[in-house]
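Below you'll find the structure, written out as structure tokens, and then a few comments.
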Amino acid sequence: MHPFAYTRPATLSDVLALLDKHGGEACLLAGGTDLVVELRNRSRRPSIVIDIKQVKELAPTIGETERGLRIGATVVMADIEKDSRIRRHFPALVEAAATVGSIQIRNRATLTGNICHASPAADTAPALLVYGAEVNVASVRGTRRVTLDQFFVGPGKTVLKRGELVTSIDLPLADNRRAATFTRLTRRRGVDLATINLCCKVEAGGRTTFAYGAVGPRPFLATDDSGMLADPRASDAAKDEILRRLLTKATPISDVRGSREYRRAMLLVMSRRALRTAIDRLQDDRFPSPSTGGQDDRFPSPSGGGKGGGA
Amino acid sequence: MSDPIGASVRRGGGYDRVTGRQKYVGDLHLEDLLHVKLVHLDVARARIRSIDTTAAAAFEGVRCVLTSADLGQPAPRFGPVYEDRPILALGETKYHGQPVAAVAAETKAAAEAAAELVRVDYEELPGVFTVAAALDPASPIVQEPELRPDDPLRRTNTLRERRYGWGNVDAARADLVVENKRIIARVLKLPLASVRIIAPDSGGAFGGKQHPKYEPLVAVLAQRTGRPVRLVLTLEETFQEVRRTSCEIHARTGFNADGTIAFQDIQSNFLMGAYADIAERVIAKSNYLACGPYRVPNARIIARALLSHTTPSTAFRGFGTPQVAWAHESQMDAAARQLGLDRVEIRLRNLARKGETFVPNDTPADGNWAESVRKAAAAIGWGTPLGPGHGRGIAVAIKESATTGASYAIVRLHWDGSATVLAGTSDMGQGARTVLAQIAANELRIPVESVRVVMGDTAVVPFDLQTSASRSTVFMGQAVMRACQDIKTQLGYDSPPLGEGRVGVSSTDLTDLLQTRFGAVRGEVIGVGSMRREYLAEHPLGEMASFYEFSCTASEVAVDPETGEVALVRHVTVADVGKAINPQQVQGQDEGAAVMGLGHTLMEHLILDDRGRIKNLGALDYRIPTSKDVPLEMCSLVVENADGPGPYGAKGAGEGGLMPTAPAVASAVTEATGVVIRDLPLTPERVWQEIQRHERGRQAGSDR
Amino acid sequence: MIRVTVNGSSHALDVMDSTTLLDLLRDRLGLTGTKECCDLGECGACTILVEGRSVNSCLVLAAEANGQSITTIEGVASDGRLNRLQDAFLEKGAVQCGFCIPGQVMAAEYLLRQNPHPSAADVKEGLCGNLCRCGAYEQIIEAVLAANQTSRESLSPSGGGQGGGR
Ligand code: FES
Ligand code: FES
């Protein structure tokens, strides 16, 4: 472990002042599930680590704004899974949060940390993207809000500038009926990093939005406005053609988790499945809240976890 | 008192293990301890030009920085059979992660920081990372020829070539010859354990328990500094320390029209890594039974132990048997397909019958192996209809158990009717402690709770060669049983143990007997027992098998044809254990072995880049099964015919469940998809690739 | 200087800022029941409860736990009496080499506190962050299911991670 000074400020202004002062020498600590590993393997060597868990403005709360929900910077995945409002309005986010690591990890890892870490494979990113999440940013210079789509730049890179931190993530409520689902491909059924992950949202008006992870330098959105994908009468071949077009944005690479060729092929397979699930959910008024556990009883797909199975 | 044999007595040592009191080596508190950090390079093979330790040695808290230059001339080498491994890389590194220097310091942090300051000037060299490269005469030579000056093979990468055989393969006629050039069990490149290896201080972890790797290094550091020294490997480093031997096996098998085997012609090439460790024995022993448990009239087996610039390999559960079983079972399936025979039937037709010699001049078949196969087939529902995308498979494997060896035990029967068993076995999780207590309790007719088993302290326990090869129940079990008999002879009470169905002396009788004998001054009766098997000079392995560990696995899978994902619906293991002294522990061992086997079948493998570096070190990208990866249903059965050489007819157990896992699951995947896969593990991507290849082949076929 | 309550007793300790909670427990408090293996949050051997929540102690800095209450495997049995889970682990033969067991018990304890009547699938999900190289999963799952059947006495005299009682 690289030596550093630990500090636990109580107010946001203290945090901002510290960030302003130490800049690139400082690391923010929330859940620590990524940071502590990086400190140990010395891939990050800050001189100061700023723990934001006791900051009163950053309390782990999920609040309501007039536009939707506001998720505080220290809210952990396990709380996302449990929150009844998120379960009702943003079920795909619950599905995504439930796949992040083990329960021990989800008791610690924050949603905001997952986003700020900006891993191309971050599981919550596709869900947040299709729900149009926005990121609230603060620094000594003031605050700003950016869409999550603008937020991601590349692997480990976001638009955050020196001295800035994310204070919360906003999830706007929809004005029309919609249904979404999250799914991923992994090498084993238990805890794993995604080989690919994706989210599909279908709106009552016919618009279909996908977001994909682990198949490019950053998670990205792909939208079909033609209505064809959501149309139950459209042929599979026609849908495939649209999906293939959407997927041209994907630029997967080969690594230890999978080859480019496999990832490409699975993008289409998983997209079809997610689309079917989302359409089913849209048509099902009784669509229940998503399950957060025991996916493996939905047999046989180990990693899609039958999450595609839906209702 | 109930019969302790065949009862699922609670694990001895269990209380400490569930309460966190059990001290593993890394948990021992040592005063005045120094911490060690290894220095390695991110290359496989490299020439070391120079090492500058000045900055590291000057770092605060550092007590010693060691390189091979500090070890004298000629630099010491060690190894259980071949003394080929230096303490630190000598002139060049021979595999990714080989330590080139070590730092001992007052704190872990200081050791780590100083290790980073060691400057190594090196030049990367081309290496040998595959079987093909090891066999290529143009490749670099891994081992210095001067280490084996009299060996004609010294200028090759073959450490040893063994040939076994009988009959005449070239003259044998067959109706069908199944030849698989690609039966590649490249497979099993597993690191040994996910548990850290820790040497507490010089002398601590050196015994015969395991063959040393870094222990000599730690000993030297302790000697130099005069302090206790602890080396805790990171999980990443344990991956670079040791692994299971990988191999490529080329089998040519002749079959008669009725499915019986006419000949086996096998060439096994095992890539053992940079140093021999015990791998050559693994290769020798497993290939000795490369024809499996079958009646094979003509056989030729050529097994090569090849050196390479990869992590040294060693013994791992199954001792090479999973690799050879993957080959002979794939051949049986191929023959069944081509001859239109049922996969169970072809095995039944070829299995050696009990009492039948199946390897000339060795122990005849010692179990009713067909019974195991029938049991497994019935439990998996062989022949009943399958759902779409489902398939079933079955496979067998056989392991040559312990050959030679000696185990000694002392049993002390105290005046109050309790007993202490002194045995050199180590209880590494298999439950030897419990089983030995059960045997002593049964023989002395005292409650199991009155027996204490003392192990693992060479100051008090008598000699035991080693805890390996599933030998403890048989060897140490016999020794304990004989020590108890010794006590009974001394006491002059000799009624049979409870296990034999007669009501024995009650424990009050025994206490009376002891008290009458010893009176007020008290005392105890000490019994001694042993089991030995000597070397047999003319036998290729040193001695015949004392028993065979035979195992049969049947599995049902469901395959997602679009993604290649394999889900295990049901998994059955059958172990021929002779007698299950503790059924719960036998079950735990067998299911645990099966889960471990599913690891190398479905996900575990080390991935090397083209420069021989391991790309998936550590827990993140080297996947092992989790609680969600076990089969939906698991069932472990035993065959108990009391036909083993151990107490009550027991044979060894604990490796069996792992040995036939891969071929059983692969056979099921073939039935589910129509695709034959010869390479492990069966990752979703590999299964998908093979399905794609198959589809393309079919389309090309129909286009024509 | 940090203050932590571990298994009911409070400690004031001087630690380096870079010390993990795992190191604090093992090296400073001698509580070696909590195991160290992957140091990545992947194996679960280091699982403990912090303020009643299961966490990987290899991923928590000791300083982060300042003022918090911690339960380790050593705080689970009271007065030498095994907790229902520990007892069930022994009864079902779920303990082989034992290295993963403290972590498994702590993860299972958290699971049962969250969900007193889990299904087999819930148990598999709840324990999938705890690797067992001996492959004793079947027996571990059985043990957790059995523990939830037996009476709810013993352990957790208080909820909320106070574990050891006082
Ligand atoms: S040591 Fe903490 S999770 Fe492995
Ligand atoms: S019992 Fe050995 S690792 Fe689980």
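Residue numbering restarts at 1 in every chain; chains get A, B, ... in the order shown in the structure tokens, and ligands count up from 1 in that same order.
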| task | Give the helix (DSSP H, G or I) residues of segment 252-302 of chain B, as DSSP finds them on the backbone, and put them as a ChimeraX atom specification. | result | /B:279-288
| message | Show me which residues line ligand 2, defined as having an atom within 12 Å of a ligand atom where only C-alpha atoms and all ligand atoms count, and present them as a PyMOL selection string. | response | (chain B and resi 11+14+17-18+24+193-196+427-431+588-589+592-593+595-596+624-627) or (chain C and resi 35+37+43-45+89-90+93-105+127+130-140)
| task | Please write out the residues within 6 Å of ligand 1 as a ChimeraX atom specification, counting only C-alpha atoms and all ligand atoms. | result | /C:36-46,56-58
Using N, CA, C and O atoms, can you write the selected residues to a file as a PDB file, in the first residue's frame?
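Once written, part33.pdb looks like this:
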ATOM      1  N   GLU C  36      -7.077 -13.446   5.081  1.00  0.00           N
ATOM      2  CA  GLU C  36      -6.638 -12.607   3.975  1.00  0.00           C
ATOM      3  C   GLU C  36      -6.276 -13.512   2.817  1.00  0.00           C
ATOM      4  O   GLU C  36      -5.543 -14.473   2.984  1.00  0.00           O
ATOM      5  N   CYS C  37      -6.814 -13.203   1.642  1.00  0.00           N
ATOM      6  CA  CYS C  37      -6.474 -14.064   0.516  1.00  0.00           C
ATOM      7  C   CYS C  37      -6.232 -13.274  -0.753  1.00  0.00           C
ATOM      8  O   CYS C  37      -5.117 -13.178  -1.223  1.00  0.00           O
ATOM      9  N   CYS C  38      -7.288 -12.674  -1.337  1.00  0.00           N
ATOM     10  CA  CYS C  38      -7.105 -12.070  -2.659  1.00  0.00           C
ATOM     11  C   CYS C  38      -6.773 -10.583  -2.588  1.00  0.00           C
ATOM     12  O   CYS C  38      -6.227 -10.028  -3.518  1.00  0.00           O
ATOM     13  N   ASP C  39      -7.140  -9.932  -1.488  1.00  0.00           N
ATOM     14  CA  ASP C  39      -6.944  -8.489  -1.352  1.00  0.00           C
ATOM     15  C   ASP C  39      -7.597  -7.697  -2.474  1.00  0.00           C
ATOM     16  O   ASP C  39      -7.123  -6.637  -2.858  1.00  0.00           O
ATOM     17  N   LEU C  40      -8.675  -8.197  -3.005  1.00  0.00           N
ATOM     18  CA  LEU C  40      -9.325  -7.565  -4.152  1.00  0.00           C
ATOM     19  C   LEU C  40     -10.827  -7.450  -3.979  1.00  0.00           C
ATOM     20  O   LEU C  40     -11.504  -6.940  -4.851  1.00  0.00           O
ATOM     21  N   GLY C  41     -11.359  -8.005  -2.921  1.00  0.00           N
ATOM     22  CA  GLY C  41     -12.813  -8.046  -2.801  1.00  0.00           C
ATOM     23  C   GLY C  41     -13.443  -9.165  -3.609  1.00  0.00           C
ATOM     24  O   GLY C  41     -14.642  -9.158  -3.856  1.00  0.00           O
ATOM     25  N   GLU C  42     -12.637 -10.146  -4.016  1.00  0.00           N
ATOM     26  CA  GLU C  42     -13.169 -11.209  -4.875  1.00  0.00           C
ATOM     27  C   GLU C  42     -13.463 -12.501  -4.119  1.00  0.00           C
ATOM     28  O   GLU C  42     -14.254 -13.306  -4.578  1.00  0.00           O
ATOM     29  N   CYS C  43     -12.797 -12.753  -2.995  1.00  0.00           N
ATOM     30  CA  CYS C  43     -12.900 -14.095  -2.408  1.00  0.00           C
ATOM     31  C   CYS C  43     -13.776 -14.168  -1.156  1.00  0.00           C
ATOM     32  O   CYS C  43     -14.266 -15.219  -0.801  1.00  0.00           O
ATOM     33  N   GLY C  44     -13.947 -13.059  -0.457  1.00  0.00           N
ATOM     34  CA  GLY C  44     -14.825 -13.044   0.706  1.00  0.00           C
ATOM     35  C   GLY C  44     -14.228 -13.616   1.986  1.00  0.00           C
ATOM     36  O   GLY C  44     -14.899 -13.642   3.023  1.00  0.00           O
ATOM     37  N   ALA C  45     -12.970 -14.060   1.950  1.00  0.00           N
ATOM     38  CA  ALA C  45     -12.365 -14.669   3.143  1.00  0.00           C
ATOM     39  C   ALA C  45     -12.277 -13.663   4.288  1.00  0.00           C
ATOM     40  O   ALA C  45     -12.198 -14.042   5.453  1.00  0.00           O
ATOM     41  N   CYS C  46     -12.295 -12.374   3.959  1.00  0.00           N
ATOM     42  CA  CYS C  46     -12.089 -11.313   4.949  1.00  0.00           C
ATOM     43  C   CYS C  46     -13.398 -10.683   5.388  1.00  0.00           C
ATOM     44  O   CYS C  46     -13.402  -9.597   5.955  1.00  0.00           O
ATOM     45  N   ASN C  56     -16.090  -6.506   2.740  1.00  0.00           N
ATOM     46  CA  ASN C  56     -14.772  -7.128   2.594  1.00  0.00           C
ATOM     47  C   ASN C  56     -13.788  -6.235   3.338  1.00  0.00           C
ATOM     48  O   ASN C  56     -13.499  -5.129   2.893  1.00  0.00           O
ATOM     49  N   SER C  57     -13.247  -6.734   4.450  1.00  0.00           N
ATOM     50  CA  SER C  57     -12.409  -5.841   5.256  1.00  0.00           C
ATOM     51  C   SER C  57     -11.095  -5.505   4.573  1.00  0.00           C
ATOM     52  O   SER C  57     -10.411  -4.570   4.966  1.00  0.00           O
ATOM     53  N   CYS C  58     -10.738  -6.226   3.503  1.00  0.00           N
ATOM     54  CA  CYS C  58      -9.515  -5.882   2.766  1.00  0.00           C
ATOM     55  C   CYS C  58      -9.707  -4.613   1.951  1.00  0.00           C
ATOM     56  O   CYS C  58      -8.746  -4.043   1.469  1.00  0.00           O
TER      57      CYS C  58
END
| said: Report as a PyMOL selection string all protein, DNA and RNA residues lying within 12 Å of Val49 of chain A, evaluated on only C-alpha atoms, omitting residues in the same chain fewer than 6 positions from it. | reply: (chain A and resi 2-9+15+18-19+22-30+32+35-36+39) or (chain C and resi 17-18+61+63-64)
With N, CA, C and O atoms retained, export the selected residues as a compact mmCIF listing (two decimals), in the first residue's frame.
# COMPACT_ATOMS: atom_id res chain seq x y z
N HIS A 2 0.57 2.15 -0.90
CA HIS A 2 1.33 3.39 -0.95
C HIS A 2 0.91 4.28 0.22
O HIS A 2 -0.26 4.41 0.51
N PRO A 3 1.87 4.90 0.90
CA PRO A 3 1.49 5.75 2.04
C PRO A 3 0.78 7.03 1.60
O PRO A 3 1.10 7.60 0.55
N PHE A 4 -0.20 7.43 2.38
CA PHE A 4 -0.95 8.66 2.06
C PHE A 4 -1.56 9.18 3.36
O PHE A 4 -1.57 8.46 4.37
N ALA A 5 -2.05 10.42 3.32
CA ALA A 5 -2.75 10.96 4.48
C ALA A 5 -4.25 10.80 4.26
O ALA A 5 -4.75 10.99 3.15
N TYR A 6 -4.94 10.39 5.30
CA TYR A 6 -6.40 10.18 5.20
C TYR A 6 -7.11 11.32 5.91
O TYR A 6 -6.70 11.75 6.99
N THR A 7 -8.13 11.83 5.29
CA THR A 7 -8.90 12.88 5.97
C THR A 7 -10.39 12.67 5.73
O THR A 7 -10.79 12.12 4.71
N ARG A 8 -11.16 13.12 6.71
CA ARG A 8 -12.60 12.85 6.66
C ARG A 8 -13.35 14.14 6.95
O ARG A 8 -13.79 14.36 8.08
N PRO A 9 -13.45 15.03 5.97
CA PRO A 9 -14.09 16.32 6.21
C PRO A 9 -15.58 16.17 6.50
O PRO A 9 -16.19 15.16 6.13
N VAL A 15 -14.48 19.74 1.60
CA VAL A 15 -14.04 18.82 0.55
C VAL A 15 -13.56 19.61 -0.66
O VAL A 15 -12.48 19.36 -1.20
N LEU A 18 -10.26 21.23 -0.08
CA LEU A 18 -9.16 20.26 -0.15
C LEU A 18 -8.84 19.87 -1.59
O LEU A 18 -7.68 19.77 -1.99
N LEU A 19 -9.91 19.65 -2.36
CA LEU A 19 -9.71 19.29 -3.76
C LEU A 19 -9.00 20.40 -4.51
O LEU A 19 -8.13 20.18 -5.35
N HIS A 22 -5.25 20.35 -3.33
CA HIS A 22 -4.37 19.23 -3.66
C HIS A 22 -4.48 18.75 -5.11
O HIS A 22 -3.61 18.03 -5.59
N GLY A 23 -5.57 19.11 -5.75
CA GLY A 23 -5.73 18.75 -7.16
C GLY A 23 -5.43 17.30 -7.45
O GLY A 23 -6.00 16.41 -6.82
N GLY A 24 -4.52 17.06 -8.37
CA GLY A 24 -4.22 15.71 -8.81
C GLY A 24 -3.59 14.82 -7.75
O GLY A 24 -3.53 13.61 -7.89
N GLU A 25 -3.16 15.40 -6.66
CA GLU A 25 -2.56 14.64 -5.57
C GLU A 25 -3.62 14.01 -4.66
O GLU A 25 -3.30 13.23 -3.78
N ALA A 26 -4.88 14.43 -4.86
CA ALA A 26 -5.96 13.96 -3.97
C ALA A 26 -6.79 12.88 -4.64
O ALA A 26 -6.98 12.90 -5.86
N CYS A 27 -7.28 11.93 -3.85
CA CYS A 27 -8.25 10.95 -4.34
C CYS A 27 -9.47 11.02 -3.44
O CYS A 27 -9.34 11.11 -2.22
N LEU A 28 -10.65 10.95 -4.07
CA LEU A 28 -11.88 10.90 -3.27
C LEU A 28 -12.19 9.45 -2.93
O LEU A 28 -12.05 8.56 -3.77
N LEU A 29 -12.61 9.22 -1.70
CA LEU A 29 -12.93 7.87 -1.25
C LEU A 29 -14.40 7.83 -0.83
O LEU A 29 -14.82 8.58 0.05
N ALA A 30 -15.16 6.96 -1.49
CA ALA A 30 -16.54 6.75 -1.02
C ALA A 30 -16.63 5.29 -0.59
O ALA A 30 -16.33 4.95 0.55
N GLY A 32 -14.73 2.78 -1.84
CA GLY A 32 -13.36 2.27 -1.77
C GLY A 32 -13.15 0.94 -2.47
O GLY A 32 -12.04 0.42 -2.47
N LEU A 35 -10.92 2.04 -5.30
CA LEU A 35 -9.76 2.84 -4.88
C LEU A 35 -8.78 2.06 -4.00
O LEU A 35 -7.58 2.12 -4.22
N VAL A 36 -9.30 1.32 -3.03
CA VAL A 36 -8.37 0.64 -2.12
C VAL A 36 -7.52 -0.39 -2.88
O VAL A 36 -6.34 -0.56 -2.61
N LEU A 39 -4.88 1.58 -4.60
CA LEU A 39 -3.86 2.04 -3.66
C LEU A 39 -2.92 0.90 -3.31
O LEU A 39 -1.71 1.06 -3.22
N ASP C 17 -2.41 5.77 8.27
CA ASP C 17 -3.59 6.04 7.45
C ASP C 17 -3.81 4.99 6.37
O ASP C 17 -4.92 4.76 5.93
N SER C 18 -2.73 4.35 5.95
CA SER C 18 -2.88 3.38 4.86
C SER C 18 -3.18 1.97 5.37
O SER C 18 -3.24 1.03 4.58
N LEU C 61 -10.45 0.95 4.76
CA LEU C 61 -9.33 1.47 5.54
C LEU C 61 -9.74 1.48 7.00
O LEU C 61 -10.89 1.75 7.34
N ALA C 63 -9.11 3.64 9.14
CA ALA C 63 -9.56 4.98 9.51
C ALA C 63 -11.04 5.20 9.16
O ALA C 63 -11.74 5.93 9.86
N GLU C 64 -11.51 4.54 8.12
CA GLU C 64 -12.92 4.69 7.73
C GLU C 64 -13.85 4.14 8.80
O GLU C 64 -15.01 4.50 8.87
| said: Quick check, in Å to one decimal: how far apart do atom CA of Gly273 of chain B and atom CA of Arg45 of chain B lie? | reply: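 Interatomic distance, atom CA of Gly273 of chain B to atom CA of Arg45 of chain B: 12.1 Å.
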| field | Surrounding residues of Arg263 of chain A excluding itself and chain neighbours under 4 positions, 12 Å, only C-alpha atoms, as a ChimeraX atom specification | value | /A:184-186,194-198,212-216,247,250-259,267-271 /B:563,684-685,688-689
Writer output for current selection, C-alpha atoms, as a PDB file, in the first residue's frame:
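That gives us part25.pdb:
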ATOM      1  CA  ARG A 184     -25.116  -8.973 -19.460  1.00  0.00           C
ATOM      2  CA  LEU A 185     -22.878 -11.786 -20.565  1.00  0.00           C
ATOM      3  CA  THR A 186     -20.323 -13.221 -18.158  1.00  0.00           C
ATOM      4  CA  ALA A 194     -19.199  -8.288 -17.843  1.00  0.00           C
ATOM      5  CA  THR A 195     -17.944  -9.516 -21.190  1.00  0.00           C
ATOM      6  CA  ILE A 196     -20.667  -7.254 -22.574  1.00  0.00           C
ATOM      7  CA  ASN A 197     -23.583  -5.524 -20.882  1.00  0.00           C
ATOM      8  CA  LEU A 198     -26.535  -3.641 -22.211  1.00  0.00           C
ATOM      9  CA  TYR A 212     -24.002  -0.816 -24.358  1.00  0.00           C
ATOM     10  CA  GLY A 213     -20.983  -1.418 -22.158  1.00  0.00           C
ATOM     11  CA  ALA A 214     -17.647  -3.237 -22.528  1.00  0.00           C
ATOM     12  CA  VAL A 215     -17.724  -2.914 -26.303  1.00  0.00           C
ATOM     13  CA  GLY A 216     -16.003   0.424 -26.728  1.00  0.00           C
ATOM     14  CA  LEU A 247     -24.399  -1.873 -33.386  1.00  0.00           C
ATOM     15  CA  ALA A 250     -19.695  -0.777 -31.060  1.00  0.00           C
ATOM     16  CA  THR A 251     -15.931  -1.194 -31.297  1.00  0.00           C
ATOM     17  CA  PRO A 252     -15.203  -4.247 -29.122  1.00  0.00           C
ATOM     18  CA  ILE A 253     -11.661  -5.457 -28.593  1.00  0.00           C
ATOM     19  CA  SER A 254     -10.265  -8.905 -27.775  1.00  0.00           C
ATOM     20  CA  ASP A 255      -9.100  -9.448 -24.218  1.00  0.00           C
ATOM     21  CA  VAL A 256      -9.027 -12.180 -21.578  1.00  0.00           C
ATOM     22  CA  ARG A 257     -12.808 -11.929 -21.164  1.00  0.00           C
ATOM     23  CA  GLY A 258     -13.679 -12.513 -24.783  1.00  0.00           C
ATOM     24  CA  SER A 259     -12.679 -12.011 -28.389  1.00  0.00           C
ATOM     25  CA  LEU A 267     -24.241  -8.008 -29.024  1.00  0.00           C
ATOM     26  CA  LEU A 268     -26.822  -9.020 -31.573  1.00  0.00           C
ATOM     27  CA  VAL A 269     -28.014 -12.070 -29.637  1.00  0.00           C
ATOM     28  CA  MET A 270     -28.343 -10.187 -26.359  1.00  0.00           C
ATOM     29  CA  SER A 271     -29.922  -7.149 -28.027  1.00  0.00           C
TER      30      SER A 271
ATOM     31  CA  THR B 563     -24.300 -17.847 -26.470  1.00  0.00           C
ATOM     32  CA  PRO B 684     -19.166 -20.028 -23.423  1.00  0.00           C
ATOM     33  CA  GLU B 685     -16.975 -18.547 -26.098  1.00  0.00           C
ATOM     34  CA  TRP B 688     -20.015 -20.959 -29.294  1.00  0.00           C
ATOM     35  CA  GLN B 689     -16.954 -20.987 -31.584  1.00  0.00           C
TER      36      GLN B 689
END
| task | Within 9 Å of chain A, which residues of chain B are there when counting only C-alpha atoms? Please give them as a PyMOL selection string. | result | chain B and resi 108-109+112-113+558-560+562-563+565-569+602-603+607+615-616+620-621+623-629+632+683-685+688-689
| field | Secondary structure check, strand (DSSP E) residues of segment 167-234 of chain A, as a PyMOL selection string | value | chain A and resi 167-172+178-185+196-203+208-213+220-224
| Hey, what's within 9 Å of Ala120 of chain C if we count only C-alpha atoms and toss same-chain stuff fewer than 6 positions away? As an MDAnalysis selection string, please? | (chainID A and resid 294) or (chainID C and resid 141:142 144:145)
| field | Counting only C-alpha atoms, the option among A:Val137, A:Ala222, A:Cys199, A:Leu246 closest to Arg276 of chain A | value |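 The shortest atom-to-atom distance to Arg276 of chain A comes from A:Cys199.
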| For chain A, which residue out of C:Asn83, C:Asn148, C:Asn115, C:Ser78 is the nearest one, using only C-alpha atoms? | C:Asn115
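As for atom CA of Arg218 of chain A and atom CA of Asp34 of chain A, they are spaced 17.6 Å apart.
For the pair atom CA of Asp20 of chain A and atom CA of Gly163 of chain A, the separation is 4.9 Å.
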